[in-house]
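Participant: Below you'll find query-v7.cif; it's mmCIF, C-alpha atoms.
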```
data_query
loop_
_atom_site.group_PDB
_atom_site.id
_atom_site.type_symbol
_atom_site.label_atom_id
_atom_site.label_comp_id
_atom_site.auth_asym_id
_atom_site.auth_seq_id
_atom_site.Cartn_x
_atom_site.Cartn_y
_atom_site.Cartn_z
ATOM 1 C CA MET A 1 19.199 36.877 -22.053
ATOM 2 C CA ASP A 2 16.201 34.647 -21.563
ATOM 3 C CA ARG A 3 14.181 33.847 -24.630
ATOM 4 C CA ASP A 4 10.655 35.109 -25.124
ATOM 5 C CA PHE A 5 8.095 32.318 -25.058
ATOM 6 C CA ASP A 6 4.585 31.381 -24.008
ATOM 7 C CA ILE A 7 3.435 28.548 -21.791
ATOM 8 C CA ARG A 8 -0.059 27.174 -22.397
ATOM 9 C CA GLU A 9 -2.079 24.147 -21.392
ATOM 10 C CA ILE A 10 -2.536 21.575 -24.166
ATOM 11 C CA GLY A 11 -4.725 18.503 -24.652
ATOM 12 C CA PRO A 12 -3.873 15.094 -26.140
ATOM 13 C CA GLU A 13 -4.438 16.438 -29.665
ATOM 14 C CA HIS A 14 -1.319 18.583 -29.340
ATOM 15 C CA PHE A 15 0.878 16.119 -27.513
ATOM 16 C CA HIS A 16 2.794 15.299 -30.708
ATOM 17 C CA LEU A 17 4.365 18.776 -30.561
ATOM 18 C CA ALA A 18 6.289 17.672 -27.482
ATOM 19 C CA TRP A 19 7.202 14.203 -28.730
ATOM 20 C CA PRO A 20 10.626 15.236 -30.146
ATOM 21 C CA ILE A 21 11.623 16.339 -26.625
ATOM 22 C CA PHE A 22 10.546 12.986 -25.220
ATOM 23 C CA ARG A 23 12.728 11.241 -27.805
ATOM 24 C CA GLU A 24 15.725 13.295 -26.685
ATOM 25 C CA VAL A 25 15.020 12.452 -23.047
ATOM 26 C CA LEU A 26 14.616 8.745 -23.807
ATOM 27 C CA ALA A 27 17.797 8.700 -25.892
ATOM 28 C CA ARG A 28 19.824 10.324 -23.108
ATOM 29 C CA GLY A 29 18.283 8.047 -20.463
ATOM 30 C CA GLU A 30 19.802 10.107 -17.671
ATOM 31 C CA SER A 31 16.847 11.595 -15.871
ATOM 32 C CA TYR A 32 13.589 9.689 -16.383
ATOM 33 C CA ASN A 33 12.599 6.172 -15.436
ATOM 34 C CA TYR A 34 10.662 5.694 -18.666
ATOM 35 C CA ALA A 35 11.190 2.485 -20.620
ATOM 36 C CA ALA A 36 13.489 3.068 -23.597
ATOM 37 C CA ASP A 37 10.777 1.787 -25.953
ATOM 38 C CA LEU A 38 8.066 4.147 -24.694
ATOM 39 C CA ASN A 39 6.105 5.221 -27.767
ATOM 40 C CA LEU A 40 4.062 8.315 -28.578
ATOM 41 C CA ASP A 41 0.724 6.739 -27.607
ATOM 42 C CA GLY A 42 2.060 5.539 -24.260
ATOM 43 C CA ALA A 43 3.670 8.876 -23.473
ATOM 44 C CA ARG A 44 0.552 10.805 -24.493
ATOM 45 C CA ALA A 45 -1.614 8.656 -22.224
ATOM 46 C CA MET A 46 0.726 9.230 -19.272
ATOM 47 C CA TRP A 47 0.951 12.967 -19.766
ATOM 48 C CA THR A 48 -2.535 14.003 -20.865
ATOM 49 C CA SER A 49 -4.984 11.563 -19.243
ATOM 50 C CA ALA A 50 -7.016 12.932 -16.332
ATOM 51 C CA PRO A 51 -6.174 13.815 -13.635
ATOM 52 C CA TYR A 52 -2.931 14.897 -15.303
ATOM 53 C CA ARG A 53 -2.636 18.183 -17.177
ATOM 54 C CA MET A 54 0.058 19.096 -19.674
ATOM 55 C CA PHE A 55 1.624 22.466 -20.436
ATOM 56 C CA LEU A 56 3.826 23.449 -23.386
ATOM 57 C CA ALA A 57 6.419 26.218 -23.779
ATOM 58 C CA GLN A 58 6.621 27.575 -27.313
ATOM 59 C CA SER A 59 8.422 30.425 -29.020
ATOM 60 C CA GLY A 60 6.735 30.853 -32.387
ATOM 61 C CA ASP A 61 6.902 27.384 -33.927
ATOM 62 C CA ASP A 62 9.746 26.243 -31.684
ATOM 63 C CA VAL A 63 8.729 23.883 -28.904
ATOM 64 C CA LEU A 64 11.066 24.564 -25.994
ATOM 65 C CA GLY A 65 9.758 22.431 -23.166
ATOM 66 C CA CYS A 66 6.793 20.934 -21.387
ATOM 67 C CA TYR A 67 5.563 19.837 -18.016
ATOM 68 C CA LYS A 68 2.899 17.631 -16.521
ATOM 69 C CA LEU A 69 0.923 18.495 -13.380
ATOM 70 C CA GLY A 70 -1.292 16.247 -11.294
ATOM 71 C CA PRO A 71 -1.854 14.774 -7.856
ATOM 72 C CA ASN A 72 1.120 12.903 -6.441
ATOM 73 C CA GLN A 73 -1.228 10.370 -4.852
ATOM 74 C CA ARG A 74 -4.922 9.667 -5.110
ATOM 75 C CA GLY A 75 -7.463 9.802 -2.309
ATOM 76 C CA ARG A 76 -6.082 11.029 0.998
ATOM 77 C CA GLY A 77 -2.833 12.175 -0.620
ATOM 78 C CA ASP A 78 -4.285 14.233 -3.467
ATOM 79 C CA HIS A 79 -3.613 17.582 -1.768
ATOM 80 C CA VAL A 80 0.052 17.205 -2.803
ATOM 81 C CA ALA A 81 0.915 17.930 -6.434
ATOM 82 C CA ASN A 82 3.480 16.226 -8.591
ATOM 83 C CA ALA A 83 5.078 17.602 -11.733
ATOM 84 C CA SER A 84 7.494 16.402 -14.411
ATOM 85 C CA TYR A 85 9.468 18.674 -16.704
ATOM 86 C CA MET A 86 11.378 18.425 -19.961
ATOM 87 C CA VAL A 87 13.390 21.067 -21.838
ATOM 88 C CA ALA A 88 14.466 20.646 -25.468
ATOM 89 C CA GLU A 89 18.242 20.330 -25.770
ATOM 90 C CA SER A 90 18.258 23.211 -28.263
ATOM 91 C CA ALA A 91 16.730 25.419 -25.574
ATOM 92 C CA TRP A 92 18.996 24.575 -22.637
ATOM 93 C CA GLY A 93 20.434 27.552 -20.743
ATOM 94 C CA GLN A 94 17.670 29.930 -21.815
ATOM 95 C CA GLY A 95 15.613 30.016 -18.648
ATOM 96 C CA VAL A 96 12.982 27.548 -19.872
ATOM 97 C CA GLY A 97 13.316 25.232 -16.861
ATOM 98 C CA THR A 98 12.960 28.163 -14.483
ATOM 99 C CA ALA A 99 9.884 29.441 -16.303
ATOM 100 C CA LEU A 100 8.268 25.994 -16.391
ATOM 101 C CA CYS A 101 8.942 25.502 -12.688
ATOM 102 C CA GLU A 102 7.478 28.877 -11.719
ATOM 103 C CA HIS A 103 4.484 28.353 -14.000
ATOM 104 C CA SER A 104 3.813 24.936 -12.480
ATOM 105 C CA LEU A 105 3.992 26.267 -8.911
ATOM 106 C CA MET A 106 1.479 28.956 -9.816
ATOM 107 C CA GLN A 107 -0.830 26.452 -11.537
ATOM 108 C CA ALA A 108 -0.568 24.064 -8.597
ATOM 109 C CA ARG A 109 -1.535 26.808 -6.141
ATOM 110 C CA LYS A 110 -4.426 27.827 -8.404
ATOM 111 C CA ALA A 111 -5.625 24.217 -8.452
ATOM 112 C CA GLY A 112 -5.682 24.192 -4.648
ATOM 113 C CA TYR A 113 -2.714 21.928 -3.928
ATOM 114 C CA LEU A 114 -0.996 22.524 -0.587
ATOM 115 C CA ALA A 115 2.455 21.219 -1.552
ATOM 116 C CA MET A 116 4.474 19.848 -4.447
ATOM 117 C CA GLN A 117 6.530 16.666 -4.377
ATOM 118 C CA PHE A 118 8.993 15.070 -6.806
ATOM 119 C CA ASN A 119 9.424 11.346 -6.154
ATOM 120 C CA TYR A 120 12.242 10.560 -8.480
ATOM 121 C CA VAL A 121 14.920 13.226 -8.961
ATOM 122 C CA VAL A 122 18.057 11.474 -10.174
ATOM 123 C CA SER A 123 20.787 12.702 -7.817
ATOM 124 C CA THR A 124 23.330 13.081 -10.613
ATOM 125 C CA ASN A 125 20.995 15.363 -12.588
ATOM 126 C CA ALA A 126 22.741 18.445 -11.199
ATOM 127 C CA ALA A 127 20.877 20.997 -13.309
ATOM 128 C CA ALA A 128 17.507 19.745 -12.074
ATOM 129 C CA VAL A 129 18.550 19.421 -8.436
ATOM 130 C CA HIS A 130 20.000 22.947 -8.520
ATOM 131 C CA LEU A 131 16.832 24.321 -10.115
ATOM 132 C CA TRP A 132 14.497 22.736 -7.545
ATOM 133 C CA LEU A 133 16.655 23.868 -4.608
ATOM 134 C CA LYS A 134 16.628 27.398 -6.015
ATOM 135 C CA HIS A 135 12.834 27.258 -6.137
ATOM 136 C CA GLY A 136 12.335 26.306 -2.520
ATOM 137 C CA PHE A 137 12.335 22.533 -2.735
ATOM 138 C CA ALA A 138 14.154 20.519 -0.084
ATOM 139 C CA VAL A 139 15.531 17.003 -0.322
ATOM 140 C CA VAL A 140 13.244 15.118 2.088
ATOM 141 C CA GLY A 141 14.396 11.654 1.086
ATOM 142 C CA GLN A 142 17.285 9.852 -0.556
ATOM 143 C CA VAL A 143 16.792 6.358 -1.964
ATOM 144 C CA PRO A 144 20.071 4.484 -2.492
ATOM 145 C CA GLU A 145 20.861 3.144 -5.964
ATOM 146 C CA ALA A 146 17.311 3.493 -7.249
ATOM 147 C CA PHE A 147 18.234 4.595 -10.799
ATOM 148 C CA ARG A 148 20.326 2.720 -13.368
ATOM 149 C CA HIS A 149 22.260 5.556 -14.989
ATOM 150 C CA PRO A 150 23.466 4.684 -18.520
ATOM 151 C CA THR A 151 27.078 5.682 -17.772
ATOM 152 C CA LEU A 152 27.339 6.022 -13.967
ATOM 153 C CA GLY A 153 25.629 2.780 -12.946
ATOM 154 C CA LEU A 154 23.356 2.650 -9.913
ATOM 155 C CA VAL A 155 22.867 6.138 -8.500
ATOM 156 C CA ASP A 156 20.698 7.558 -5.712
ATOM 157 C CA VAL A 157 17.357 9.221 -6.227
ATOM 158 C CA TYR A 158 16.037 12.177 -4.245
ATOM 159 C CA VAL A 159 12.538 12.834 -3.013
ATOM 160 C CA MET A 160 12.073 16.622 -3.102
ATOM 161 C CA HIS A 161 9.252 18.658 -1.630
ATOM 162 C CA ARG A 162 7.999 22.132 -0.888
ATOM 163 C CA MET A 163 4.870 23.646 0.607
ATOM 164 C CA LEU A 164 2.944 25.981 -1.724
ATOM 165 C CA MET B 1 0.502 -18.702 18.747
ATOM 166 C CA ASP B 2 0.590 -17.809 15.080
ATOM 167 C CA ARG B 3 -2.167 -19.228 12.958
ATOM 168 C CA ASP B 4 -1.538 -21.846 10.291
ATOM 169 C CA PHE B 5 -2.149 -20.530 6.795
ATOM 170 C CA ASP B 6 -0.966 -20.660 3.206
ATOM 171 C CA ILE B 7 0.149 -17.838 0.950
ATOM 172 C CA ARG B 8 -0.355 -18.331 -2.799
ATOM 173 C CA GLU B 9 -0.283 -16.188 -5.903
ATOM 174 C CA ILE B 10 -3.701 -15.418 -7.373
ATOM 175 C CA GLY B 11 -4.964 -13.943 -10.649
ATOM 176 C CA PRO B 12 -7.770 -11.434 -11.285
ATOM 177 C CA GLU B 13 -10.362 -14.239 -11.190
ATOM 178 C CA HIS B 14 -9.745 -14.666 -7.473
ATOM 179 C CA PHE B 15 -9.427 -11.022 -6.535
ATOM 180 C CA HIS B 16 -12.970 -10.957 -5.101
ATOM 181 C CA LEU B 17 -11.737 -13.151 -2.218
ATOM 182 C CA ALA B 18 -9.689 -10.203 -0.964
ATOM 183 C CA TRP B 19 -12.313 -7.534 -1.583
ATOM 184 C CA PRO B 20 -13.763 -7.656 1.988
ATOM 185 C CA ILE B 21 -10.316 -6.703 3.301
ATOM 186 C CA PHE B 22 -10.149 -3.757 0.899
ATOM 187 C CA ARG B 23 -13.535 -2.574 2.180
ATOM 188 C CA GLU B 24 -12.218 -2.630 5.746
ATOM 189 C CA VAL B 25 -9.121 -0.679 4.714
ATOM 190 C CA LEU B 26 -11.170 1.887 2.792
ATOM 191 C CA ALA B 27 -13.635 2.275 5.693
ATOM 192 C CA ARG B 28 -10.795 2.905 8.185
ATOM 193 C CA GLY B 29 -9.031 5.295 5.809
ATOM 194 C CA GLU B 30 -5.948 5.360 8.000
ATOM 195 C CA SER B 31 -3.243 3.768 5.915
ATOM 196 C CA TYR B 32 -3.904 3.844 2.163
ATOM 197 C CA ASN B 33 -4.243 6.745 -0.215
ATOM 198 C CA TYR B 34 -7.032 5.027 -2.128
ATOM 199 C CA ALA B 35 -10.121 7.047 -2.981
ATOM 200 C CA ALA B 36 -12.994 6.206 -0.606
ATOM 201 C CA ASP B 37 -15.160 5.218 -3.577
ATOM 202 C CA LEU B 38 -12.663 2.759 -5.063
ATOM 203 C CA ASN B 39 -14.727 -0.175 -6.347
ATOM 204 C CA LEU B 40 -13.923 -3.839 -6.901
ATOM 205 C CA ASP B 41 -13.084 -3.425 -10.596
ATOM 206 C CA GLY B 42 -10.737 -0.530 -9.942
ATOM 207 C CA ALA B 43 -9.007 -2.309 -7.086
ATOM 208 C CA ARG B 44 -8.666 -5.525 -9.084
ATOM 209 C CA ALA B 45 -7.072 -3.635 -11.983
ATOM 210 C CA MET B 46 -4.557 -1.966 -9.658
ATOM 211 C CA TRP B 47 -3.615 -5.156 -7.872
ATOM 212 C CA THR B 48 -3.626 -7.802 -10.586
ATOM 213 C CA SER B 49 -2.696 -6.066 -13.856
ATOM 214 C CA ALA B 50 0.807 -6.764 -15.159
ATOM 215 C CA PRO B 51 3.468 -6.032 -14.061
ATOM 216 C CA TYR B 52 1.814 -6.363 -10.630
ATOM 217 C CA ARG B 53 1.336 -9.754 -8.966
ATOM 218 C CA MET B 54 -1.022 -10.504 -6.111
ATOM 219 C CA PHE B 55 -0.671 -12.995 -3.263
ATOM 220 C CA LEU B 56 -3.353 -14.166 -0.819
ATOM 221 C CA ALA B 57 -3.061 -15.628 2.690
ATOM 222 C CA GLN B 58 -5.786 -18.132 3.491
ATOM 223 C CA SER B 59 -6.533 -20.518 6.342
ATOM 224 C CA GLY B 60 -9.142 -22.931 5.021
ATOM 225 C CA ASP B 61 -11.902 -20.645 3.740
ATOM 226 C CA ASP B 62 -10.782 -17.672 5.821
ATOM 227 C CA VAL B 63 -9.003 -14.957 3.863
ATOM 228 C CA LEU B 64 -6.491 -13.396 6.242
ATOM 229 C CA GLY B 65 -4.524 -10.958 4.123
ATOM 230 C CA CYS B 66 -2.993 -10.132 0.788
ATOM 231 C CA TYR B 67 -0.141 -8.282 -0.831
ATOM 232 C CA LYS B 68 0.803 -6.857 -4.195
ATOM 233 C CA LEU B 69 4.306 -7.018 -5.652
ATOM 234 C CA GLY B 70 5.695 -5.141 -8.635
ATOM 235 C CA PRO B 71 8.358 -2.720 -9.804
ATOM 236 C CA ASN B 72 8.422 0.567 -7.908
ATOM 237 C CA GLN B 73 9.288 2.408 -11.112
ATOM 238 C CA ARG B 74 9.378 1.476 -14.773
ATOM 239 C CA GLY B 75 12.394 1.528 -17.038
ATOM 240 C CA ARG B 76 15.650 2.431 -15.319
ATOM 241 C CA GLY B 77 14.093 2.078 -11.881
ATOM 242 C CA ASP B 78 12.535 -1.361 -12.299
ATOM 243 C CA HIS B 79 15.233 -3.146 -10.305
ATOM 244 C CA VAL B 80 13.552 -1.843 -7.137
ATOM 245 C CA ALA B 81 10.394 -3.631 -5.994
ATOM 246 C CA ASN B 82 7.354 -2.156 -4.351
ATOM 247 C CA ALA B 83 4.772 -3.996 -2.285
ATOM 248 C CA SER B 84 1.480 -3.195 -0.563
ATOM 249 C CA TYR B 85 -0.050 -5.282 2.210
ATOM 250 C CA MET B 86 -3.431 -5.706 3.880
ATOM 251 C CA VAL B 87 -4.447 -7.872 6.827
ATOM 252 C CA ALA B 88 -8.085 -8.644 7.679
ATOM 253 C CA GLU B 89 -9.116 -7.057 10.970
ATOM 254 C CA SER B 90 -10.255 -10.463 12.226
ATOM 255 C CA ALA B 91 -6.703 -11.742 11.735
ATOM 256 C CA TRP B 92 -4.753 -8.937 13.407
ATOM 257 C CA GLY B 93 -2.136 -10.025 15.923
ATOM 258 C CA GLN B 94 -1.728 -13.492 14.447
ATOM 259 C CA GLY B 95 1.532 -13.016 12.570
ATOM 260 C CA VAL B 96 -0.098 -12.528 9.167
ATOM 261 C CA GLY B 97 1.682 -9.239 8.458
ATOM 262 C CA THR B 98 5.035 -10.764 9.339
ATOM 263 C CA ALA B 99 4.389 -13.774 7.113
ATOM 264 C CA LEU B 100 3.259 -11.613 4.193
ATOM 265 C CA CYS B 101 6.314 -9.391 4.565
ATOM 266 C CA GLU B 102 8.736 -12.313 4.627
ATOM 267 C CA HIS B 103 6.964 -14.001 1.723
ATOM 268 C CA SER B 104 7.138 -10.826 -0.333
ATOM 269 C CA LEU B 105 10.855 -10.332 0.345
ATOM 270 C CA MET B 106 11.485 -13.899 -0.803
ATOM 271 C CA GLN B 107 9.342 -13.460 -3.926
ATOM 272 C CA ALA B 108 11.045 -10.160 -4.731
ATOM 273 C CA ARG B 109 14.498 -11.759 -4.479
ATOM 274 C CA LYS B 110 13.321 -14.654 -6.655
ATOM 275 C CA ALA B 111 12.081 -12.191 -9.259
ATOM 276 C CA GLY B 112 15.536 -10.575 -9.367
ATOM 277 C CA TYR B 113 14.821 -7.275 -7.628
ATOM 278 C CA LEU B 114 17.790 -5.668 -5.855
ATOM 279 C CA ALA B 115 15.839 -3.695 -3.277
ATOM 280 C CA MET B 116 12.349 -2.996 -1.980
ATOM 281 C CA GLN B 117 10.833 0.426 -1.447
ATOM 282 C CA PHE B 118 7.610 1.671 0.149
ATOM 283 C CA ASN B 119 6.692 5.176 -1.021
ATOM 284 C CA TYR B 120 3.816 5.936 1.229
ATOM 285 C CA VAL B 121 3.967 4.575 4.769
ATOM 286 C CA VAL B 122 1.673 6.722 6.895
ATOM 287 C CA SER B 123 3.833 7.753 9.859
ATOM 288 C CA THR B 124 1.012 7.253 12.362
ATOM 289 C CA ASN B 125 0.486 3.639 11.233
ATOM 290 C CA ALA B 126 2.651 2.373 14.087
ATOM 291 C CA ALA B 127 2.032 -1.325 13.507
ATOM 292 C CA ALA B 128 3.211 -1.087 9.905
ATOM 293 C CA VAL B 129 6.230 1.117 10.669
ATOM 294 C CA HIS B 130 7.273 -1.262 13.462
ATOM 295 C CA LEU B 131 6.881 -4.289 11.185
ATOM 296 C CA TRP B 132 9.001 -2.805 8.373
ATOM 297 C CA LEU B 133 11.738 -1.661 10.768
ATOM 298 C CA LYS B 134 11.828 -5.173 12.247
ATOM 299 C CA HIS B 135 12.280 -6.560 8.734
ATOM 300 C CA GLY B 136 15.283 -4.471 7.833
ATOM 301 C CA PHE B 137 13.642 -1.448 6.259
ATOM 302 C CA ALA B 138 14.957 2.021 7.035
ATOM 303 C CA VAL B 139 13.151 5.345 6.809
ATOM 304 C CA VAL B 140 14.996 7.027 3.915
ATOM 305 C CA GLY B 141 12.558 9.896 3.513
ATOM 306 C CA GLN B 142 9.894 11.806 5.397
ATOM 307 C CA VAL B 143 7.356 13.884 3.505
ATOM 308 C CA PRO B 144 5.619 16.456 5.690
ATOM 309 C CA GLU B 145 1.816 16.409 5.897
ATOM 310 C CA ALA B 146 1.360 14.211 2.836
ATOM 311 C CA PHE B 147 -1.575 12.168 4.185
ATOM 312 C CA ARG B 148 -4.977 13.428 5.335
ATOM 313 C CA HIS B 149 -5.686 11.186 8.291
ATOM 314 C CA PRO B 150 -9.422 10.867 9.065
ATOM 315 C CA THR B 151 -8.970 11.756 12.752
ATOM 316 C CA LEU B 152 -5.422 13.178 13.090
ATOM 317 C CA GLY B 153 -5.459 15.623 10.159
ATOM 318 C CA LEU B 154 -2.383 16.120 8.013
ATOM 319 C CA VAL B 155 0.335 13.653 9.012
ATOM 320 C CA ASP B 156 3.763 12.833 7.604
ATOM 321 C CA VAL B 157 4.495 9.970 5.265
ATOM 322 C CA TYR B 158 7.660 7.856 5.305
ATOM 323 C CA VAL B 159 9.616 6.482 2.375
ATOM 324 C CA MET B 160 11.059 3.154 3.541
ATOM 325 C CA HIS B 161 13.660 0.990 1.817
ATOM 326 C CA ARG B 162 15.885 -2.016 2.144
ATOM 327 C CA MET B 163 18.329 -3.833 -0.090
ATOM 328 C CA LEU B 164 17.451 -7.486 -0.825
#
```
Mind turning the file's structure into structure tokens?
Facilitator:
Amino acid sequence: MDRDFDIREIGPEHFHLAWPIFREVLARGESYNYAADLNLDGARAMWTSAPYRMFLAQSGDDVLGCYKLGPNQRGRGDHVANASYMVAESAWGQGVGTALCEHSLMQARKAGYLAMQFNYVVSTNAAAVHLWLKHGFAVVGQVPEAFRHPTLGLVDVYVMHRML
Amino acid sequence: MDRDFDIREIGPEHFHLAWPIFREVLARGESYNYAADLNLDGARAMWTSAPYRMFLAQSGDDVLGCYKLGPNQRGRGDHVANASYMVAESAWGQGVGTALCEHSLMQARKAGYLAMQFNYVVSTNAAAVHLWLKHGFAVVGQVPEAFRHPTLGLVDVYVMHRML
């Protein structure tokens, strides 16, 4: 059964709550293009500086996941949203990714975006690809060998998209 | 006949030479996703801050065009280059775009990149699309309605790519 948790918007002053999840993601190195030496200050700036907004999933004191929402492009492309998601390893398989995705789609609609785009979905990240397909995203692009996977070598990256 | 000109790398102290071209691009609003109120300082930061490098095409005192070269992603995606190009309206049809493209491919190879990717080629920008196709790029993605064209409304954007 899915776990009971809340998702709320947070500012830079609460970013540290999510930092342990970032460290897991960086250590795995299988899904994000972040530099392995990304530190807390750098990550906080990327995730909480305007125009980006950050949301956190918590169950009591347990931090289960987070996502970032913002425009995928500036200027004449800022009607398309972009989002990035992370789920704590201890919370995998509990519906957190699904809840974050649905929450982000709702927030993006509320903010007036017309579509959502992911630029860099690692094709071997089956759980993520499956989740986005289930939530109405389509693969609209496939970039050959754009990600250096730590164990699989150069793998393709998908561009995924859906209207809102 | 193509015009005789040099292409050289420049630093932030020479960015102002290219600023008139940026103003033309911003005024047309047909190819870049830059905010209409982008100013010189903002543009200079985007184009000349590490890891990005900027190159300028000049014929005597005439500034004909410029391009920016850098990694398309950080971390595990930084083996793929990205580049952005601008040609002064007064220099259209003189082979400047072709020369900038070829120069950038050479510089990208020299810098060790394995591929080059453009994330945001406005599909109605026929001159650009034609130029990239001629230089070995393929459309590897098409994002529906991702650009608000000033006269055509919402138009598609291409992701284009080639190995180096």
Participant: Identify all residues satisfying the PyMOL selection byres ((chain B and resi 58) around 9) in the given file; provide them as an mmCIF file with C-alpha atoms, in the frame of the given file.
Facilitator:
```
data_model
loop_
_atom_site.group_PDB
_atom_site.id
_atom_site.type_symbol
_atom_site.label_atom_id
_atom_site.label_comp_id
_atom_site.auth_asym_id
_atom_site.auth_seq_id
_atom_site.Cartn_x
_atom_site.Cartn_y
_atom_site.Cartn_z
ATOM 1 C CA ASP B 4 -1.538 -21.846 10.291
ATOM 2 C CA PHE B 5 -2.149 -20.530 6.795
ATOM 3 C CA ASP B 6 -0.966 -20.660 3.206
ATOM 4 C CA ILE B 7 0.149 -17.838 0.950
ATOM 5 C CA ARG B 8 -0.355 -18.331 -2.799
ATOM 6 C CA LEU B 56 -3.353 -14.166 -0.819
ATOM 7 C CA ALA B 57 -3.061 -15.628 2.690
ATOM 8 C CA SER B 59 -6.533 -20.518 6.342
ATOM 9 C CA GLY B 60 -9.142 -22.931 5.021
ATOM 10 C CA ASP B 61 -11.902 -20.645 3.740
ATOM 11 C CA ASP B 62 -10.782 -17.672 5.821
ATOM 12 C CA VAL B 63 -9.003 -14.957 3.863
ATOM 13 C CA LEU B 64 -6.491 -13.396 6.242
ATOM 14 C CA GLY B 65 -4.524 -10.958 4.123
ATOM 15 C CA CYS B 66 -2.993 -10.132 0.788
#
```
Participant: For a test of reading the model, state the distance in Å between atom CA of A:Asn82 and atom CA of B:Gly112, rounded to one decimal.
Facilitator: 29.4 Å
Participant: Could you tell me, as a PyMOL selection string, exactly which residues end up selected when the PyMOL selection byres ((chain A) within 7 of (chain B)) is applied to this structure?
Facilitator: chain A and resi 33-36+73-77+80+140-143+146-148
Participant: Might you spell out which residues the PyMOL selection byres ((chain B and resi 11) around 10) would select in the displayed file, as a list in words?
Facilitator: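 On this input, the PyMOL selection byres ((chain B and resi 11) around 10) captures Glu9, Ile10, Pro12, Glu13, His14, Phe15, Arg44, Trp47, Thr48, Ser49, Arg53, Met54, Phe55 and Leu56 of chain B.
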Participant: Record the distance separating atom CA of B:Ile21 and atom CA of B:Glu89, expressed in Å with one decimal.
Facilitator: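 These two atoms are separated by 7.8 Å.
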Participant: Quick one, how far is atom CA of B:Met86 from atom CA of B:Thr124?
Facilitator: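 That distance, rounded to one decimal, is 16.1 Å.
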Participant: Need the shell around A:Leu105: protein/DNA/RNA residues with any atom at most 10 Å away, counting all atoms listed in the file. Skip same-chain ones fewer than 5 positions apart. Format as number ranges by chain?
Facilitator: A: 69, 81, 83, 99-100, 110-111, 113, 115-116, 135, 162-164
Participant: Write out the residues from the selection above, keeping C-alpha atoms, as an mmCIF file, keeping the file's coordinate frame.
Facilitator:
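In the end it all went to selection-v8.cif:
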```
data_model
loop_
_atom_site.group_PDB
_atom_site.id
_atom_site.type_symbol
_atom_site.label_atom_id
_atom_site.label_comp_id
_atom_site.auth_asym_id
_atom_site.auth_seq_id
_atom_site.Cartn_x
_atom_site.Cartn_y
_atom_site.Cartn_z
ATOM 1 C CA LEU A 69 0.923 18.495 -13.380
ATOM 2 C CA ALA A 81 0.915 17.930 -6.434
ATOM 3 C CA ALA A 83 5.078 17.602 -11.733
ATOM 4 C CA ALA A 99 9.884 29.441 -16.303
ATOM 5 C CA LEU A 100 8.268 25.994 -16.391
ATOM 6 C CA LYS A 110 -4.426 27.827 -8.404
ATOM 7 C CA ALA A 111 -5.625 24.217 -8.452
ATOM 8 C CA TYR A 113 -2.714 21.928 -3.928
ATOM 9 C CA ALA A 115 2.455 21.219 -1.552
ATOM 10 C CA MET A 116 4.474 19.848 -4.447
ATOM 11 C CA HIS A 135 12.834 27.258 -6.137
ATOM 12 C CA ARG A 162 7.999 22.132 -0.888
ATOM 13 C CA MET A 163 4.870 23.646 0.607
ATOM 14 C CA LEU A 164 2.944 25.981 -1.724
#
```
